[in-house]
$ cat input13.tsv   # TSV, C-alpha atoms
chain	number	residue	atom	x	y	z
A	321	MET	CA	86.26	109.18	97.78
A	322	VAL	CA	86.42	106.75	94.89
A	323	THR	CA	84.45	106.89	91.65
A	324	VAL	CA	83.08	104.05	89.54
A	325	THR	CA	84.63	104.85	86.16
A	326	ALA	CA	84.05	101.73	84.08
A	327	VAL	CA	82.68	98.19	83.96
A	328	GLU	CA	84.42	95.11	82.57
A	329	SER	CA	83.33	91.54	81.97
A	330	ARG	CA	85.59	88.79	83.33
A	331	GLN	CA	85.45	85.00	83.44
A	332	ASN	CA	85.90	82.80	86.48
A	333	SER	CA	87.78	79.48	86.48
A	334	LYS	CA	84.63	77.70	85.25
A	335	GLY	CA	84.34	80.02	82.24
A	336	GLU	CA	81.30	81.85	83.65
A	337	ALA	CA	81.11	85.60	82.97
A	338	PHE	CA	80.76	88.13	85.76
A	339	ALA	CA	80.98	91.92	85.96
A	340	VAL	CA	83.58	94.00	87.78
A	341	LEU	CA	83.45	97.68	88.62
A	342	ILE	CA	86.55	99.76	87.95
A	343	LEU	CA	87.08	102.13	90.89
A	344	THR	CA	89.33	105.19	90.53
A	345	GLY	CA	90.73	106.92	93.60
A	346	ASP	CA	91.42	110.57	94.31
A	347	LEU	CA	94.19	112.53	92.64
A	348	GLN	CA	97.55	112.18	94.41
A	349	ILE	CA	100.79	114.06	93.92
A	350	VAL	CA	103.86	111.86	94.47
A	351	ASN	CA	107.58	112.29	93.90
A	352	SER	CA	109.42	110.21	91.33
A	353	LYS	CA	111.94	107.78	92.85
A	354	THR	CA	114.32	108.36	89.93
A	355	THR	CA	114.10	112.11	89.35
A	356	GLY	CA	112.60	113.40	92.59
A	357	ASN	CA	110.14	115.47	90.55
A	358	PRO	CA	106.45	115.50	91.52
A	359	TYR	CA	103.79	114.01	89.26
A	360	ALA	CA	100.04	113.40	89.46
A	361	THR	CA	98.60	109.91	89.66
A	362	VAL	CA	95.41	108.02	90.50
A	363	HIS	CA	95.06	104.40	91.51
A	364	LYS	CA	92.53	102.11	89.85
A	365	ILE	CA	91.28	98.74	90.98
A	366	SER	CA	88.61	96.28	89.89
A	367	ILE	CA	86.08	94.87	92.30
A	368	PRO	CA	83.59	92.09	91.48
A	369	CYS	CA	79.86	92.76	91.86
A	370	THR	CA	76.80	90.58	92.35
A	371	PHE	CA	74.72	92.20	89.62
A	372	ASP	CA	74.83	91.84	85.85
A	373	GLU	CA	76.77	94.07	83.46
A	374	ASN	CA	73.70	96.18	82.54
A	375	VAL	CA	73.09	97.12	86.18
A	376	ALA	CA	76.83	97.62	86.70
A	377	LYS	CA	76.91	100.16	83.83
A	378	MET	CA	74.27	102.21	85.67
A	379	MET	CA	76.79	102.62	88.51
A	380	ILE	CA	79.33	104.50	86.35
A	381	GLY	CA	79.82	107.97	87.81
A	382	LYS	CA	78.72	106.99	91.33
A	383	GLN	CA	81.02	108.13	94.12
A	384	LEU	CA	81.66	105.96	97.17
A	385	SER	CA	83.17	106.87	100.49
A	386	GLY	CA	86.52	105.27	101.20
A	387	GLU	CA	89.83	105.12	99.41
A	388	ILE	CA	92.17	102.89	97.44
A	389	GLN	CA	95.07	101.81	99.63
A	390	LYS	CA	98.35	100.00	99.05
A	391	ALA	CA	98.51	96.57	100.72
A	392	GLU	CA	101.44	94.15	100.96
A	393	CYS	CA	101.04	90.72	99.39
A	394	GLU	CA	103.14	87.80	98.19
A	395	GLN	CA	105.69	88.70	95.54
A	396	TYR	CA	104.57	88.40	91.90
A	397	ASP	CA	105.71	89.45	88.42
A	398	TYR	CA	103.91	92.21	86.54
A	399	VAL	CA	104.44	93.13	82.88
A	400	SER	CA	104.27	96.90	82.26
A	401	LYS	CA	101.66	97.68	79.59
A	402	THR	CA	103.66	100.68	78.33
A	403	THR	CA	107.24	99.35	78.32
A	404	GLY	CA	106.86	95.55	78.35
A	405	GLU	CA	109.29	95.47	81.29
A	406	VAL	CA	108.76	92.68	83.84
A	407	LEU	CA	108.54	94.10	87.36
A	408	THR	CA	108.58	92.10	90.58
A	409	LEU	CA	106.08	93.56	93.03
A	410	ASN	CA	105.03	92.72	96.59
A	411	HIS	CA	102.02	95.01	96.89
A	412	ARG	CA	98.62	95.53	95.36
A	413	PHE	CA	95.90	98.13	95.76
A	414	THR	CA	92.63	97.45	97.59
A	415	TYR	CA	89.44	99.36	98.31
A	416	ASN	CA	88.89	100.32	101.95
A	417	PRO	CA	85.37	101.70	102.54
A	418	ASN	CA	86.28	102.88	106.06
A	419	PRO	CA	89.79	104.35	106.06
A	420	SER	CA	91.12	105.73	109.32
A	421	ASN	CA	92.55	109.22	109.01
A	422	LEU	CA	93.42	109.30	112.72
A	423	VAL	CA	97.11	109.93	113.36
A	424	GLU	CA	98.28	108.94	116.82
A	425	THR	CA	100.86	111.24	118.40
A	426	VAL	CA	102.85	110.18	121.45
A	427	ILE	CA	103.86	113.01	123.75
A	428	GLU	CA	106.77	112.14	126.00
A	429	GLY	CA	105.86	112.23	129.68
A	430	ALA	CA	102.12	112.20	129.00
A	431	PRO	CA	100.06	109.55	130.83
A	432	ALA	CA	99.21	106.44	128.82
A	433	PHE	CA	95.51	105.60	128.38

$ encode --input "input13.tsv" --output "structure tokens"
Amino acid sequence: MVTVTAVESRQNSKGEAFAVLILTGDLQIVNSKTTGNPYATVHKISIPCTFDENVAKMMIGKQLSGEIQKAECEQYDYVSKTTGEVLTLNHRFTYNPNPSNLVETVIEGAPAF
């Protein structure tokens, strides 16, 4: 599940304003790459909407099925808001309304379908 947690106003290349919904995913526990210690995190993304900011604000608190998933993309630089460090990334996070939780297991010697 994801939750609409905020609304922001953005401008397109023509200077026209439009609203985006801020979606926040479920709580995840991950291990630090540097210390190996677990920590809690959530992923947030913005997604444009076709309605105005007033209608968008009415969506805050709504829960949607689906999840926020990591997706590979072309490499880009990102400036950390907390440290100011420039990071080179090759992924972004996207909303998938229909995630597949099916895990395929191959059993040796079993007939293929």

$ closest_residue --input "input13.tsv" --among "A:Ser333, A:Thr325, A:Thr355, A:Gln395" --to "His411 of chain A" --atoms "all atoms listed in the file"
A:Gln395

$ closest_residue --input "input13.tsv" --among "A:Val375, A:Tyr359, A:Ile380, A:Cys393" --to "Leu343 of chain A" --atoms "all atoms listed in the file"
A:Ile380

$ atom_distance --input "input13.tsv" --atom1 "atom CA of Pro358 of chain A" --atom2 "atom CA of Tyr415 of chain A"
24.4 Å

$ atom_distance --input "input13.tsv" --atom1 "atom CA of Ser420 of chain A" --atom2 "atom CA of Lys390 of chain A"
13.8 Å

$ closest_residue --input "input13.tsv" --among "A:Thr408, A:Pro419, A:Ala376, A:Gly386" --to "Met321 of chain A" --atoms "only C-alpha atoms"
A:Gly386

$ residues_around --input "input13.tsv" --residues "segment 360-363 of chain A" --least-positions-apart "5" --cutoff "12 Å" --atoms "all atoms listed in the file" --output "list of chain:residue names"
A:Met321, A:Val322, A:Thr323, A:Thr325, A:Ile342, A:Leu343, A:Thr344, A:Gly345, A:Asp346, A:Leu347, A:Gln348, A:Ile349, A:Val350, A:Asn351, A:Ser352, A:Glu387, A:Ile388, A:Gln389, A:Lys390, A:Arg412, A:Phe413, A:Thr414, A:Tyr415

$ closest_residue --input "input13.tsv" --among "A:Glu373, A:Leu407, A:Val399, A:Asn416" --to "Ala337 of chain A" --atoms "only C-alpha atoms"
A:Glu373

$ residues_around --input "input13.tsv" --residues "Ala339 of chain A" --least-positions-apart "4" --cutoff "10 Å" --atoms "only C-alpha atoms" --output "MDAnalysis selection string"
chainID A and resid 327:331 366:377

$ atom_distance --input "input13.tsv" --atom1 "atom CA of Tyr398 of chain A" --atom2 "atom CA of Asn410 of chain A"
10.1 Å

$ axis_aligned_box --input "input13.tsv" --around "segment 372-387 of chain A" --padding-each-side "3 Å" --output "lines of an AutoDock Vina configuration file"
center_x = 81.5
center_y = 100.0
center_z = 91.9
size_x = 22.7
size_y = 22.3
size_z = 24.7

$ closest_residue --input "input13.tsv" --among "A:Leu341, A:Met378, A:Ala391, A:Val406" --to "Ile365 of chain A" --atoms "all atoms listed in the file"
A:Leu341

$ decode --input "input13.tsv" --residues "segment 330-379 of chain A" --atoms "N, CA and C atoms" --output "CSV table (one decimal), in the first residue's frame"
chain,number,residue,atom,x,y,z
A,330,ARG,N,4.0,22.4,-9.0
A,330,ARG,CA,5.2,22.4,-9.8
A,330,ARG,C,4.8,23.2,-11.1
A,331,GLN,N,5.9,23.5,-11.8
A,331,GLN,CA,5.7,24.2,-13.1
A,331,GLN,C,6.3,23.4,-14.2
A,332,ASN,N,5.6,23.4,-15.4
A,332,ASN,CA,6.1,22.7,-16.5
A,332,ASN,C,7.0,23.6,-17.3
A,333,SER,N,7.6,23.1,-18.4
A,333,SER,CA,8.5,23.9,-19.2
A,333,SER,C,8.0,25.2,-19.7
A,334,LYS,N,6.6,25.3,-19.8
A,334,LYS,CA,6.0,26.5,-20.3
A,334,LYS,C,5.6,27.5,-19.2
A,335,GLY,N,6.0,27.1,-17.9
A,335,GLY,CA,5.7,27.9,-16.8
A,335,GLY,C,4.3,27.8,-16.2
A,336,GLU,N,3.6,26.8,-16.7
A,336,GLU,CA,2.2,26.5,-16.2
A,336,GLU,C,2.3,25.6,-15.0
A,337,ALA,N,1.5,26.0,-14.0
A,337,ALA,CA,1.4,25.3,-12.7
A,337,ALA,C,0.6,24.0,-12.8
A,338,PHE,N,1.0,23.0,-12.1
A,338,PHE,CA,0.2,21.7,-12.0
A,338,PHE,C,0.5,21.1,-10.7
A,339,ALA,N,-0.4,20.3,-10.2
A,339,ALA,CA,-0.3,19.6,-8.9
A,339,ALA,C,0.3,18.3,-9.0
A,340,VAL,N,1.1,17.9,-8.0
A,340,VAL,CA,1.6,16.5,-7.9
A,340,VAL,C,1.2,16.0,-6.5
A,341,LEU,N,0.9,14.7,-6.5
A,341,LEU,CA,0.7,14.0,-5.2
A,341,LEU,C,2.0,13.4,-4.7
A,342,ILE,N,2.3,13.5,-3.4
A,342,ILE,CA,3.4,12.9,-2.8
A,342,ILE,C,2.9,11.6,-2.3
A,343,LEU,N,3.5,10.4,-2.8
A,343,LEU,CA,3.1,9.1,-2.3
A,343,LEU,C,4.2,8.6,-1.4
A,344,THR,N,3.8,8.0,-0.3
A,344,THR,CA,4.8,7.4,0.6
A,344,THR,C,4.5,5.9,0.7
A,345,GLY,N,5.5,5.1,0.6
A,345,GLY,CA,5.4,3.7,0.6
A,345,GLY,C,5.4,3.1,2.0
A,346,ASP,N,5.3,1.8,2.1
A,346,ASP,CA,5.3,1.1,3.4
A,346,ASP,C,6.6,1.2,4.1
A,347,LEU,N,6.6,1.0,5.4
A,347,LEU,CA,7.8,0.9,6.2
A,347,LEU,C,8.7,-0.3,5.7
A,348,GLN,N,10.0,0.0,5.6
A,348,GLN,CA,10.9,-1.1,5.2
A,348,GLN,C,12.1,-1.1,6.2
A,349,ILE,N,12.6,-2.2,6.5
A,349,ILE,CA,13.8,-2.3,7.3
A,349,ILE,C,14.9,-2.8,6.4
A,350,VAL,N,16.0,-2.0,6.3
A,350,VAL,CA,17.1,-2.4,5.4
A,350,VAL,C,18.4,-2.3,6.3
A,351,ASN,N,19.4,-2.9,5.7
A,351,ASN,CA,20.7,-2.9,6.4
A,351,ASN,C,21.6,-1.9,5.8
A,352,SER,N,22.3,-1.1,6.6
A,352,SER,CA,23.3,-0.1,6.1
A,352,SER,C,24.4,-0.8,5.4
A,353,LYS,N,24.8,-0.2,4.3
A,353,LYS,CA,25.9,-0.8,3.5
A,353,LYS,C,27.3,-0.5,4.2
A,354,THR,N,27.3,0.6,5.0
A,354,THR,CA,28.6,0.9,5.7
A,354,THR,C,28.7,0.2,7.1
A,355,THR,N,27.6,0.1,7.8
A,355,THR,CA,27.7,-0.4,9.2
A,355,THR,C,27.2,-1.8,9.3
A,356,GLY,N,26.3,-2.2,8.4
A,356,GLY,CA,25.6,-3.5,8.4
A,356,GLY,C,24.4,-3.5,9.4
A,357,ASN,N,24.2,-2.3,10.1
A,357,ASN,CA,23.1,-2.2,11.1
A,357,ASN,C,21.8,-2.0,10.4
A,358,PRO,N,20.7,-2.5,10.9
A,358,PRO,CA,19.4,-2.3,10.3
A,358,PRO,C,18.9,-0.9,10.6
A,359,TYR,N,18.1,-0.3,9.7
A,359,TYR,CA,17.4,1.0,10.0
A,359,TYR,C,16.1,1.0,9.2
A,360,ALA,N,15.2,1.8,9.7
A,360,ALA,CA,13.8,1.9,9.1
A,360,ALA,C,13.8,3.0,8.0
A,361,THR,N,13.1,2.8,6.9
A,361,THR,CA,13.0,3.8,5.9
A,361,THR,C,11.7,3.7,5.2
A,362,VAL,N,11.3,4.7,4.5
A,362,VAL,CA,10.2,4.7,3.6
A,362,VAL,C,10.6,5.4,2.3
A,363,HIS,N,10.0,5.0,1.2
A,363,HIS,CA,10.3,5.7,-0.1
A,363,HIS,C,9.2,6.7,-0.4
A,364,LYS,N,9.5,7.8,-0.9
A,364,LYS,CA,8.5,8.8,-1.3
A,364,LYS,C,8.8,9.1,-2.8
A,365,ILE,N,7.7,9.3,-3.5
A,365,ILE,CA,7.8,9.8,-4.9
A,365,ILE,C,6.7,10.8,-5.1
A,366,SER,N,6.8,11.6,-6.2
A,366,SER,CA,5.8,12.5,-6.6
A,366,SER,C,5.2,12.0,-7.9
A,367,ILE,N,3.9,12.2,-8.1
A,367,ILE,CA,3.2,11.7,-9.3
A,367,ILE,C,2.3,12.8,-9.7
A,368,PRO,N,2.3,13.3,-11.0
A,368,PRO,CA,1.4,14.4,-11.4
A,368,PRO,C,0.0,13.9,-11.4
A,369,CYS,N,-0.9,14.8,-11.3
A,369,CYS,CA,-2.4,14.5,-11.4
A,369,CYS,C,-3.1,15.5,-12.3
A,370,THR,N,-4.3,15.1,-12.8
A,370,THR,CA,-5.0,15.8,-13.7
A,370,THR,C,-6.0,16.9,-13.1
A,371,PHE,N,-6.0,16.9,-11.8
A,371,PHE,CA,-6.9,17.8,-11.1
A,371,PHE,C,-6.2,18.9,-10.4
A,372,ASP,N,-6.9,19.9,-10.0
A,372,ASP,CA,-6.2,21.1,-9.4
A,372,ASP,C,-5.8,20.8,-8.0
A,373,GLU,N,-5.0,21.8,-7.5
A,373,GLU,CA,-4.4,21.6,-6.1
A,373,GLU,C,-5.5,21.4,-5.0
A,374,ASN,N,-6.6,22.1,-5.1
A,374,ASN,CA,-7.6,22.0,-4.1
A,374,ASN,C,-8.2,20.6,-4.1
A,375,VAL,N,-8.5,20.0,-5.2
A,375,VAL,CA,-8.9,18.6,-5.3
A,375,VAL,C,-7.8,17.7,-4.8
A,376,ALA,N,-6.6,17.9,-5.2
A,376,ALA,CA,-5.5,17.1,-4.8
A,376,ALA,C,-5.3,17.1,-3.3
A,377,LYS,N,-5.5,18.2,-2.6
A,377,LYS,CA,-5.4,18.2,-1.1
A,377,LYS,C,-6.5,17.4,-0.5
A,378,MET,N,-7.6,17.1,-1.1
A,378,MET,CA,-8.6,16.2,-0.6
A,378,MET,C,-8.2,14.8,-0.6
A,379,MET,N,-7.2,14.5,-1.4
A,379,MET,CA,-6.7,13.1,-1.5
A,379,MET,C,-5.7,12.7,-0.4
